[in-house]
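Engineer: Sharing run_28.pdb, PDB, C-alpha atoms (C1' of nucleotides):
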```pdb
ATOM      1  CA  MET G   1       0.000   0.000   0.000
ATOM      2  CA  PRO G   2       1.467   3.381  -0.940
ATOM      3  CA  GLN G   3       1.970   6.015   1.744
ATOM      4  CA  VAL G   4      -0.345   8.482   0.123
ATOM      5  CA  PHE G   5      -3.688   6.768  -0.216
ATOM      6  CA  ASP G   6      -7.093   7.512   1.238
ATOM      7  CA  PHE G   7      -9.709   4.829   0.694
ATOM      8  CA  LYS G   8     -12.550   6.988   1.978
ATOM      9  CA  HIS G   9     -12.045   9.628  -0.703
ATOM     10  CA  CYS G  10     -12.067   6.907  -3.354
ATOM     11  CA  LEU G  11     -15.160   5.341  -1.835
ATOM     12  CA  SER G  12     -16.981   8.620  -1.843
ATOM     13  CA  PHE G  13     -16.291   8.861  -5.569
ATOM     14  CA  LEU G  14     -17.668   5.352  -6.039
ATOM     15  CA  THR G  15     -20.911   6.282  -4.295
ATOM     16  CA  ARG G  16     -21.559   9.429  -6.266
ATOM     17  CA  SER G  17     -24.450   7.916  -8.203
ATOM     18  CA  PRO G  18     -27.322   5.766  -6.915
ATOM     19  CA  ARG G  19     -27.605   4.320 -10.432
ATOM     20  CA  GLU G  20     -24.133   2.834 -10.555
ATOM     21  CA  ALA G  21     -24.531  -0.681 -11.924
ATOM     22  CA  LEU G  22     -20.964  -1.964 -11.777
ATOM     23  CA  HIS G  23     -20.329  -2.042  -8.049
ATOM     24  CA  VAL G  24     -22.290  -1.905  -4.820
ATOM     25  CA  CYS G  25     -21.243   0.309  -1.924
ATOM     26  CA  ASP G  26     -22.431  -0.609   1.503
ATOM     27  CA  GLY G  27     -21.246   1.670   4.250
ATOM     28  CA  ASP G  28     -17.481   1.460   4.284
ATOM     29  CA  ARG G  29     -17.200  -1.377   1.784
ATOM     30  CA  VAL G  30     -17.468  -1.814  -1.942
ATOM     31  CA  VAL G  31     -18.415  -5.057  -3.668
ATOM     32  CA  LYS G  32     -17.474  -5.724  -7.261
ATOM     33  CA  LEU G  33     -17.713  -8.494  -9.826
ATOM     34  CA  ILE G  34     -14.849  -9.045 -12.265
ATOM     35  CA  ARG G  35     -13.945 -11.531 -14.954
ATOM     36  CA  SER G  36     -10.733 -13.442 -14.384
ATOM     37  CA  ASP G  37      -8.944 -16.421 -15.902
ATOM     38  CA  SER G  38     -10.526 -18.542 -13.189
ATOM     39  CA  GLY G  39     -14.072 -17.363 -13.919
ATOM     40  CA  HIS G  40     -16.189 -14.642 -12.345
ATOM     41  CA  VAL G  41     -14.928 -13.347  -9.042
ATOM     42  CA  LEU G  42     -17.006 -11.324  -6.610
ATOM     43  CA  PHE G  43     -15.021  -9.504  -3.966
ATOM     44  CA  GLU G  44     -15.402  -6.945  -1.238
ATOM     45  CA  VAL G  45     -12.907  -4.235  -0.360
ATOM     46  CA  SER G  46     -12.876  -2.447   2.962
ATOM     47  CA  GLU G  47     -10.330  -0.661   5.085
ATOM     48  CA  LYS G  48      -8.900  -2.531   8.002
ATOM     49  CA  ASN G  49      -6.633   0.023   9.565
ATOM     50  CA  LYS G  50      -5.988   3.352   8.009
ATOM     51  CA  GLY G  51      -4.346   2.739   4.672
ATOM     52  CA  ALA G  52      -4.539  -1.061   4.803
ATOM     53  CA  LEU G  53      -7.115  -2.558   2.507
ATOM     54  CA  HIS G  54      -8.932  -5.739   3.397
ATOM     55  CA  VAL G  55     -10.144  -7.940   0.561
ATOM     56  CA  GLN G  56     -12.655 -10.722   0.910
ATOM     57  CA  LEU G  57     -13.680 -13.134  -1.835
ATOM     58  CA  LEU G  58     -17.426 -13.766  -1.846
ATOM     59  CA  ASN G  59     -18.074 -16.443  -4.420
ATOM     60  CA  SER G  60     -14.881 -18.330  -5.146
ATOM     61  CA  THR G  61     -12.232 -20.461  -3.558
ATOM     62  CA  PRO G  62      -9.421 -18.155  -2.567
ATOM     63  CA  THR G  63      -6.683 -19.860  -4.529
ATOM     64  CA  ALA G  64      -3.392 -18.075  -4.953
ATOM     65  CA  LYS G  65      -4.253 -17.420  -8.570
ATOM     66  CA  VAL G  66      -7.601 -15.811  -7.809
ATOM     67  CA  ARG G  67      -6.065 -13.725  -5.040
ATOM     68  CA  ALA G  68      -3.373 -12.506  -7.370
ATOM     69  CA  SER G  69      -5.814 -11.433 -10.060
ATOM     70  CA  VAL G  70      -8.024  -9.613  -7.557
ATOM     71  CA  GLU G  71      -5.048  -7.853  -6.054
ATOM     72  CA  SER G  72      -3.807  -6.742  -9.422
ATOM     73  CA  TYR G  73      -7.284  -5.538 -10.314
ATOM     74  CA  ILE G  74      -7.475  -3.442  -7.163
ATOM     75  CA  ARG G  75      -4.034  -1.949  -7.754
ATOM     76  CA  GLU G  76      -5.251  -0.796 -11.150
ATOM     77  CA  TRP G  77      -8.676   0.268  -9.949
ATOM     78  CA  PHE G  78      -7.269   2.693  -7.361
ATOM     79  CA  ASP G  79      -4.086   3.578  -9.220
ATOM     80  CA  LEU G  80      -1.971   2.314  -6.338
ATOM     81  CA  ASP G  81       1.265   1.989  -8.304
ATOM     82  CA  THR G  82       1.636   5.654  -9.109
ATOM     83  CA  ASP G  83       3.794   7.809  -6.870
ATOM     84  CA  ILE G  84       1.800  11.031  -6.667
ATOM     85  CA  THR G  85       4.139  12.943  -4.370
ATOM     86  CA  PRO G  86       5.642  14.944  -7.272
ATOM     87  CA  PHE G  87       2.126  16.155  -8.070
ATOM     88  CA  TYR G  88       1.568  17.234  -4.474
ATOM     89  CA  ALA G  89       4.838  19.136  -4.544
ATOM     90  CA  LEU G  90       3.568  21.150  -7.524
ATOM     91  CA  ALA G  91       0.049  21.602  -6.178
ATOM     92  CA  SER G  92       1.069  22.792  -2.727
ATOM     93  CA  ARG G  93       2.776  25.737  -4.388
ATOM     94  CA  ASP G  94      -0.288  26.644  -6.467
ATOM     95  CA  ARG G  95      -2.948  28.844  -4.911
ATOM     96  CA  HIS G  96      -5.637  27.205  -7.072
ATOM     97  CA  LEU G  97      -5.004  23.635  -5.907
ATOM     98  CA  LYS G  98      -3.290  24.063  -2.561
ATOM     99  CA  GLU G  99      -6.448  23.709  -0.488
ATOM    100  CA  LEU G 100      -7.885  20.959  -2.676
ATOM    101  CA  VAL G 101      -4.933  18.623  -2.306
ATOM    102  CA  LYS G 102      -4.960  19.195   1.417
ATOM    103  CA  LYS G 103      -8.668  18.444   1.711
ATOM    104  CA  TYR G 104      -8.566  15.366  -0.523
ATOM    105  CA  HIS G 105      -5.109  14.131   0.402
ATOM    106  CA  GLY G 106      -4.664  10.549  -0.755
ATOM    107  CA  TYR G 107      -7.418  10.664  -3.344
ATOM    108  CA  ARG G 108      -6.375   8.830  -6.496
ATOM    109  CA  ILE G 109      -7.733   8.134  -9.954
ATOM    110  CA  VAL G 110     -10.481   5.589  -9.499
ATOM    111  CA  GLY G 111     -10.018   3.969 -12.847
ATOM    112  CA  HIS G 112     -11.566   1.618 -15.348
ATOM    113  CA  PRO G 113      -9.301  -1.392 -15.841
ATOM    114  CA  ASP G 114     -11.647  -2.395 -18.695
ATOM    115  CA  LEU G 115     -10.743  -0.231 -21.712
ATOM    116  CA  PHE G 116     -14.016  -0.964 -23.520
ATOM    117  CA  GLU G 117     -15.954   0.191 -20.469
ATOM    118  CA  SER G 118     -13.839   3.309 -20.248
ATOM    119  CA  LEU G 119     -14.463   4.298 -23.867
ATOM    120  CA  VAL G 120     -18.176   3.508 -23.905
ATOM    121  CA  TRP G 121     -18.720   5.305 -20.598
ATOM    122  CA  ALA G 122     -16.963   8.348 -22.005
ATOM    123  CA  VAL G 123     -19.076   8.254 -25.157
ATOM    124  CA  ILE G 124     -22.242   7.894 -23.080
ATOM    125  CA  GLY G 125     -21.213  10.921 -21.034
ATOM    126  CA  GLN G 126     -20.607  13.150 -24.028
ATOM    127  CA  GLN G 127     -22.742  16.284 -23.995
ATOM    128  CA  ILE G 128     -25.268  15.143 -21.358
ATOM    129  CA  ASN G 129     -25.478  15.624 -17.618
ATOM    130  CA  LEU G 130     -23.920  12.993 -15.412
ATOM    131  CA  GLY G 131     -27.195  11.812 -13.907
ATOM    132  CA  PHE G 132     -28.629  10.965 -17.279
ATOM    133  CA  ALA G 133     -25.328   9.339 -18.273
ATOM    134  CA  TYR G 134     -25.654   6.970 -15.317
ATOM    135  CA  THR G 135     -29.216   6.138 -16.359
ATOM    136  CA  LEU G 136     -28.007   5.217 -19.842
ATOM    137  CA  LYS G 137     -25.142   3.155 -18.474
ATOM    138  CA  GLN G 138     -27.421   1.304 -16.087
ATOM    139  CA  ARG G 139     -29.781   0.337 -18.895
ATOM    140  CA  PHE G 140     -26.915  -0.729 -21.139
ATOM    141  CA  VAL G 141     -25.237  -2.827 -18.446
ATOM    142  CA  GLU G 142     -28.453  -4.473 -17.246
ATOM    143  CA  GLN G 143     -29.538  -5.333 -20.750
ATOM    144  CA  PHE G 144     -26.279  -6.547 -22.277
ATOM    145  CA  GLY G 145     -23.932  -7.339 -19.405
ATOM    146  CA  GLU G 146     -23.538 -10.710 -17.699
ATOM    147  CA  ARG G 147     -25.255 -11.017 -14.353
ATOM    148  CA  LEU G 148     -24.419 -13.014 -11.255
ATOM    149  CA  HIS G 149     -26.786 -13.532  -8.340
ATOM    150  CA  VAL G 150     -25.241 -13.994  -4.923
ATOM    151  CA  ASN G 151     -27.365 -14.085  -1.762
ATOM    152  CA  GLY G 152     -30.277 -12.518  -3.556
ATOM    153  CA  ALA G 153     -28.333  -9.551  -4.909
ATOM    154  CA  ALA G 154     -27.490  -9.039  -8.593
ATOM    155  CA  TYR G 155     -24.012  -8.075  -9.764
ATOM    156  CA  TYR G 156     -23.124  -7.142 -13.322
ATOM    157  CA  LEU G 157     -20.139  -7.177 -15.592
ATOM    158  CA  PHE G 158     -19.772  -4.472 -18.190
ATOM    159  CA  PRO G 159     -21.009  -5.867 -21.535
ATOM    160  CA  ASP G 160     -18.510  -7.815 -23.597
ATOM    161  CA  PRO G 161     -17.450  -6.081 -26.834
ATOM    162  CA  VAL G 162     -17.997  -9.332 -28.733
ATOM    163  CA  VAL G 163     -21.682  -9.202 -27.769
ATOM    164  CA  VAL G 164     -22.079  -5.494 -28.485
ATOM    165  CA  ALA G 165     -20.279  -5.766 -31.839
ATOM    166  CA  GLU G 166     -23.101  -7.997 -33.112
ATOM    167  CA  LEU G 167     -25.860  -5.521 -32.213
ATOM    168  CA  ASP G 168     -27.679  -3.376 -34.700
ATOM    169  CA  PRO G 169     -27.244   0.183 -33.376
ATOM    170  CA  GLU G 170     -31.036   0.515 -33.442
ATOM    171  CA  PHE G 171     -31.224  -1.875 -30.497
ATOM    172  CA  LEU G 172     -29.788   0.883 -28.338
ATOM    173  CA  TYR G 173     -32.435   3.496 -29.255
ATOM    174  CA  PRO G 174     -34.984   2.169 -26.739
ATOM    175  CA  LEU G 175     -32.400   2.751 -23.992
ATOM    176  CA  GLN G 176     -32.468   6.405 -25.113
ATOM    177  CA  PHE G 177     -29.047   6.350 -26.693
ATOM    178  CA  SER G 178     -28.925   8.937 -29.482
ATOM    179  CA  ARG G 179     -28.331   7.618 -33.003
ATOM    180  CA  GLN G 180     -24.782   8.912 -32.814
ATOM    181  CA  LYS G 181     -24.041   7.243 -29.495
ATOM    182  CA  SER G 182     -25.584   3.990 -30.649
ATOM    183  CA  LYS G 183     -23.415   3.945 -33.752
ATOM    184  CA  TYR G 184     -20.259   4.908 -31.848
ATOM    185  CA  THR G 185     -20.849   2.273 -29.164
ATOM    186  CA  VAL G 186     -21.259  -0.565 -31.644
ATOM    187  CA  GLY G 187     -18.345   0.741 -33.713
ATOM    188  CA  ILE G 188     -16.032   0.749 -30.704
ATOM    189  CA  ALA G 189     -17.138  -2.785 -29.841
ATOM    190  CA  GLN G 190     -16.353  -3.878 -33.397
ATOM    191  CA  ALA G 191     -12.867  -2.398 -33.152
ATOM    192  CA  PHE G 192     -12.269  -4.642 -30.133
ATOM    193  CA  ALA G 193     -13.940  -7.677 -31.686
ATOM    194  CA  SER G 194     -11.867  -7.404 -34.852
ATOM    195  CA  GLY G 195      -8.651  -7.069 -32.891
ATOM    196  CA  GLU G 196      -7.983  -3.605 -34.323
ATOM    197  CA  LEU G 197      -8.069  -2.246 -30.782
ATOM    198  CA  SER G 198      -7.047  -3.856 -27.509
ATOM    199  CA  LYS G 199      -5.779  -2.879 -24.104
ATOM    200  CA  GLU G 200      -2.568  -4.811 -24.723
ATOM    201  CA  LYS G 201      -1.852  -2.887 -27.914
ATOM    202  CA  LEU G 202      -2.306   0.513 -26.312
ATOM    203  CA  LYS G 203      -0.414  -0.458 -23.202
ATOM    204  CA  ALA G 204       2.767  -0.712 -25.225
ATOM    205  CA  MET G 205       2.348   2.779 -26.694
ATOM    206  CA  SER G 206       3.232   6.289 -25.657
ATOM    207  CA  LEU G 207       0.431   8.669 -24.709
ATOM    208  CA  GLN G 208       0.598  10.328 -28.103
ATOM    209  CA  GLU G 209       0.578   7.082 -30.085
ATOM    210  CA  ALA G 210      -2.277   5.663 -28.049
ATOM    211  CA  LYS G 211      -4.278   8.851 -28.471
ATOM    212  CA  GLU G 212      -3.816   8.815 -32.231
ATOM    213  CA  MET G 213      -4.896   5.192 -32.436
ATOM    214  CA  LEU G 214      -8.034   5.869 -30.387
ATOM    215  CA  MET G 215      -8.991   8.988 -32.307
ATOM    216  CA  LYS G 216      -9.123   7.068 -35.568
ATOM    217  CA  ILE G 217     -12.306   5.489 -34.257
ATOM    218  CA  LYS G 218     -15.582   7.329 -34.888
ATOM    219  CA  GLY G 219     -16.942   8.898 -31.734
ATOM    220  CA  ILE G 220     -13.583   9.207 -30.011
ATOM    221  CA  GLY G 221     -12.293  12.763 -30.047
ATOM    222  CA  ASN G 222      -9.605  14.400 -27.953
ATOM    223  CA  TRP G 223     -11.692  14.533 -24.790
ATOM    224  CA  THR G 224     -12.782  10.892 -24.930
ATOM    225  CA  ALA G 225      -9.304   9.614 -25.777
ATOM    226  CA  ASN G 226      -7.681  11.506 -22.923
ATOM    227  CA  TYR G 227     -10.408  10.504 -20.506
ATOM    228  CA  ALA G 228      -9.889   6.814 -21.279
ATOM    229  CA  LEU G 229      -6.102   7.087 -21.192
ATOM    230  CA  MET G 230      -6.394   8.651 -17.776
ATOM    231  CA  LYS G 231      -8.929   6.174 -16.410
ATOM    232  CA  THR G 232      -7.555   2.963 -17.871
ATOM    233  CA  PHE G 233      -3.818   3.466 -18.209
ATOM    234  CA  HIS G 234      -3.273   6.190 -15.609
ATOM    235  CA  PHE G 235      -1.206   8.307 -17.953
ATOM    236  CA  PRO G 236      -0.556  11.155 -15.497
ATOM    237  CA  ASP G 237      -0.298  13.570 -18.417
ATOM    238  CA  ALA G 238      -3.586  12.638 -20.094
ATOM    239  CA  PHE G 239      -5.510  15.889 -20.277
ATOM    240  CA  PRO G 240      -9.230  16.187 -21.147
ATOM    241  CA  LEU G 241      -8.843  19.847 -22.093
ATOM    242  CA  GLU G 242     -12.392  20.300 -23.437
ATOM    243  CA  ASP G 243     -14.099  18.947 -20.331
ATOM    244  CA  ALA G 244     -17.117  20.985 -19.248
ATOM    245  CA  GLY G 245     -16.709  20.041 -15.606
ATOM    246  CA  LEU G 246     -13.093  21.154 -15.613
ATOM    247  CA  HIS G 247     -14.136  24.456 -17.184
ATOM    248  CA  ASN G 248     -16.742  25.025 -14.499
ATOM    249  CA  ALA G 249     -14.237  24.228 -11.769
ATOM    250  CA  LEU G 250     -11.825  26.766 -13.204
ATOM    251  CA  LYS G 251     -14.551  29.348 -13.707
ATOM    252  CA  GLN G 252     -15.055  29.166  -9.945
ATOM    253  CA  LYS G 253     -11.356  29.031  -9.058
ATOM    254  CA  LEU G 254     -10.468  31.955 -11.291
ATOM    255  CA  LYS G 255     -13.593  33.859 -10.213
ATOM    256  CA  LEU G 256     -14.748  34.375 -13.785
ATOM    257  CA  ASP G 257     -18.310  35.258 -14.747
ATOM    258  CA  ARG G 258     -18.003  32.972 -17.803
ATOM    259  CA  LYS G 259     -16.310  29.729 -18.754
ATOM    260  CA  PRO G 260     -12.547  30.050 -19.244
ATOM    261  CA  THR G 261     -11.173  29.954 -22.772
ATOM    262  CA  LEU G 262      -9.021  26.991 -23.731
ATOM    263  CA  ALA G 263      -6.004  29.285 -23.549
ATOM    264  CA  GLU G 264      -6.864  30.177 -19.965
ATOM    265  CA  VAL G 265      -7.249  26.505 -19.096
ATOM    266  CA  MET G 266      -3.846  25.741 -20.585
ATOM    267  CA  LYS G 267      -2.305  28.598 -18.667
ATOM    268  CA  VAL G 268      -3.387  27.150 -15.323
ATOM    269  CA  PHE G 269      -2.131  23.751 -16.410
ATOM    270  CA  ARG G 270       1.321  24.957 -17.452
ATOM    271  CA  LYS G 271       2.654  24.257 -13.992
ATOM    272  CA  TYR G 272       1.256  20.728 -14.051
ATOM    273  CA  LYS G 273       3.186  19.441 -17.026
ATOM    274  CA  GLY G 274       3.252  15.662 -16.669
ATOM    275  CA  TRP G 275       0.502  15.735 -14.013
ATOM    276  CA  GLU G 276      -2.465  17.089 -15.927
ATOM    277  CA  ALA G 277      -4.593  14.036 -15.130
ATOM    278  CA  TYR G 278      -4.204  14.520 -11.386
ATOM    279  CA  ALA G 279      -4.732  18.263 -11.557
ATOM    280  CA  THR G 280      -7.963  17.567 -13.443
ATOM    281  CA  LEU G 281      -9.003  14.903 -10.948
ATOM    282  CA  TYR G 282      -8.709  17.271  -8.017
ATOM    283  CA  LEU G 283     -10.394  20.147  -9.821
ATOM    284  CA  TRP G 284     -13.329  17.841 -10.587
ATOM    285  CA  LYS G 285     -13.768  17.486  -6.829
ATOM    286  CA  THR G 286     -14.935  21.105  -6.619
ATOM    287  CA  ILE G 287     -18.032  20.589  -8.757
TER     288      ILE G 287
ATOM    289  C1'  DC B   1     -39.292  28.011 -21.506
ATOM    290  C1'  DG B   2     -34.094  28.399 -22.220
ATOM    291  C1'  DC B   3     -29.708  26.899 -21.446
ATOM    292  C1'  DC B   4     -26.210  23.826 -20.348
ATOM    293  C1'  DA B   5     -24.674  19.040 -19.521
ATOM    294  C1'  DG B   6     -17.635  15.088 -18.057
ATOM    295  C1'  DG B   7     -18.332  16.291 -27.066
ATOM    296  C1'  DT B   8     -17.969  14.714 -31.827
ATOM    297  C1'  DT B   9     -18.826  14.670 -36.496
ATOM    298  C1'  DA B  10     -20.008  16.052 -41.123
ATOM    299  C1'  DG B  11     -20.567  19.657 -44.011
ATOM    300  C1'  DA B  12     -20.187  24.495 -45.338
ATOM    301  C1'  DG B  13     -17.584  28.685 -45.973
TER     302       DG B  13
ATOM    303  C1'  DC K   1      -8.392  25.804 -41.507
ATOM    304  C1'  DT K   2     -12.396  27.450 -38.773
ATOM    305  C1'  DC K   3     -17.296  27.636 -37.826
ATOM    306  C1'  DT K   4     -21.809  25.479 -37.071
ATOM    307  C1'  DA K   5     -25.888  22.479 -36.816
ATOM    308  C1'  DA K   6     -27.376  18.226 -35.182
ATOM    309  C1'  DC K   7     -27.645  14.985 -31.774
ATOM    310  C1'  DA K   8     -31.679  13.378 -27.297
ATOM    311  C1'  DT K   9     -32.897  14.279 -22.920
ATOM    312  C1'  DG K  10     -32.696  15.679 -17.952
ATOM    313  C1'  DG K  11     -32.161  19.186 -14.459
ATOM    314  C1'  DC K  12     -32.332  23.713 -12.854
TER     315       DC K  12
END
```
Now that the file is in, can you turn its structure into structure tokens?

Structural biologist:
Amino acid sequence: MPQVFDFKHCLSFLTRSPREALHVCDGDRVVKLIRSDSGHVLFEVSEKNKGALHVQLLNSTPTAKVRASVESYIREWFDLDTDITPFYALASRDRHLKELVKKYHGYRIVGHPDLFESLVWAVIGQQINLGFAYTLKQRFVEQFGERLHVNGAAYYLFPDPVVVAELDPEFLYPLQFSRQKSKYTVGIAQAFASGELSKEKLKAMSLQEAKEMLMKIKGIGNWTANYALMKTFHFPDAFPLEDAGLHNALKQKLKLDRKPTLAEVMKVFRKYKGWEAYATLYLWKTI
DNA sequence: CGCCAGGTTAGAG
DNA sequence: CTCTAACATGGC
């Protein structure tokens, strides 16, 4: 466990929507279903002592192999392998972020280890409010994702791209996906199904290369690509420059009576070169 | 009712 | 290259 980690801040992010379909928060714990080489694994994460996570497997024999895959999932999920102290050094000298990093000390990128999920979630969230985005995701997951019942509760996996690739985009209209989003979602799934796109491929690339590869796909622009690179690969310099939430946070921080221009956004971010993703993450906390 | 939401694309100028 | 309409719908 890294020195600088606060589970409670991450948990509070995980509970931000009552319509979240991909994990269940219950007080101080979160329960999640994942796919592993040894089948579906349902696990619970809580905090034992401050900074020490406690993991319990709920549906499978805790073999060494299963334990290892759950641990590696959690390390990715909470971005535990990134040393964020250089970011804090920059932020503590910046009047705009100084208080934020103090208040949310130990908060990390709560990511999406599943790249397909990351991209589709970003597409769903384009140009609509977050509440409605969660409604769309819930419908999509409940209709097309695998489900596991344990002790009367239902847990879902994010839909498999192989399944989604076979859908006619029209099947998504009843979920209230726009025509554009329906087409993009199926198109992204097809890129995975055909092997054109995969997490392994992007993992080997630089930020710039990965971004270019993603942006060749219809529906993935600069914002979506950076969002996914931040959430799935934890590129600390991924920067969703066009993000409306970020703009609103800066409007408040800079005491503007309008949204900042892109130039003004970039000016604030000049001092966070290499840490744009974390600066964005903390600014999102203000809205 | 009007405007903005964790934007992107195609098409026009 | 830059500018704009269209996209669907919820929340304030």

Engineer: Could you write out as a list in words the residues of chain G within 10 Å of chain K, counting only C-alpha atoms (C1' of nucleotides)?

Structural biologist: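 So the contacting residues turn out to be Gln127, Ile128, Asn129, Leu130, Gly131, Phe132, Ala133, Gln176, Phe177, Ser178, Arg179, Gln180 and Lys181 of chain G.
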
Engineer: Rounded to one decimal place, report the CA of Ala122 in chain G-CA of Asp37 in chain G distance in Å.

Structural biologist: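 Between CA of Ala122 in chain G and CA of Asp37 in chain G the gap works out to 26.7 Å.
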
Engineer: What are the nearest atom pairs, with distances in Å to one decimal, for all residues of chain B that come at most 9 Å from chain G, using all atoms listed in the file, set out by chain and rising residue number as a Markdown table?

Structural biologist:
```
| residue | atom | partner | partner_atom | distance |
| --- | --- | --- | --- | --- |
| B:DC4 | C1' | G:Asn129 | CA | 8.7 |
| B:DA5 | C1' | G:Asn129 | CA | 4.0 |
| B:DG6 | C1' | G:Gly245 | CA | 5.6 |
| B:DG7 | C1' | G:Gln126 | CA | 4.9 |
| B:DT8 | C1' | G:Gly219 | CA | 5.9 |
| B:DT9 | C1' | G:Gly219 | CA | 7.7 |
```

Engineer: Just the number, please: distance in Å from CA of Val55 in chain G to CA of Phe43 in chain G, one decimal.

Structural biologist: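 Computing it gives 6.8 Å between the two atoms.
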
Engineer: List the neighbours of Pro2 in chain G out to 8 Å using all atoms listed in the file; skip same-chain residues closer than 3 positions along the sequence, and give me the result as a PDB file with C-alpha atoms, keeping the file's coordinate frame.

Structural biologist:
```
ATOM      1  CA  PHE G   5      -3.688   6.768  -0.216  1.00  0.00           C
ATOM      2  CA  LEU G  80      -1.971   2.314  -6.338  1.00  0.00           C
ATOM      3  CA  ASP G  81       1.265   1.989  -8.304  1.00  0.00           C
ATOM      4  CA  ASP G  83       3.794   7.809  -6.870  1.00  0.00           C
TER       5      ASP G  83
END
```

Engineer: In Å, rounded to a single decimal, give me how far CA of Gln190 in chain G is from CA of Ala165 in chain G.

Structural biologist: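 One can read the CA of Ala165 in chain G to CA of Gln190 in chain G distance as 4.6 Å.
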
Engineer: For the file shown, report as a PyMOL selection string the outcome of the PyMOL selection byres ((chain G and resi 286) around 12) at residue level.

Structural biologist: chain G and resi 96-97+99-101+103-104+245-253+279-285+287

Engineer: How big is the axis-aligned box around the listed atoms of range 3-6 of chain B once 3 Å is added on each side, and where is its centre? Give both in Å to one decimal, as AutoDock Vina command-line options.

Structural biologist:
```
--center_x -23.7 --center_y 21.0 --center_z -19.8 --size_x 18.1 --size_y 17.8 --size_z 9.4
```

Engineer: Tell me which protein, DNA and RNA residues are within 12 Å of Arg35 in chain G, counting all atoms listed in the file, leaving out same-chain ones fewer than 6 positions away, and put them as JSON, numbers by chain.

Structural biologist: {"G": [41, 42, 43, 60, 66, 69, 70, 73, 113, 114, 145, 146, 147, 148, 155, 156, 157, 158, 159, 160]}
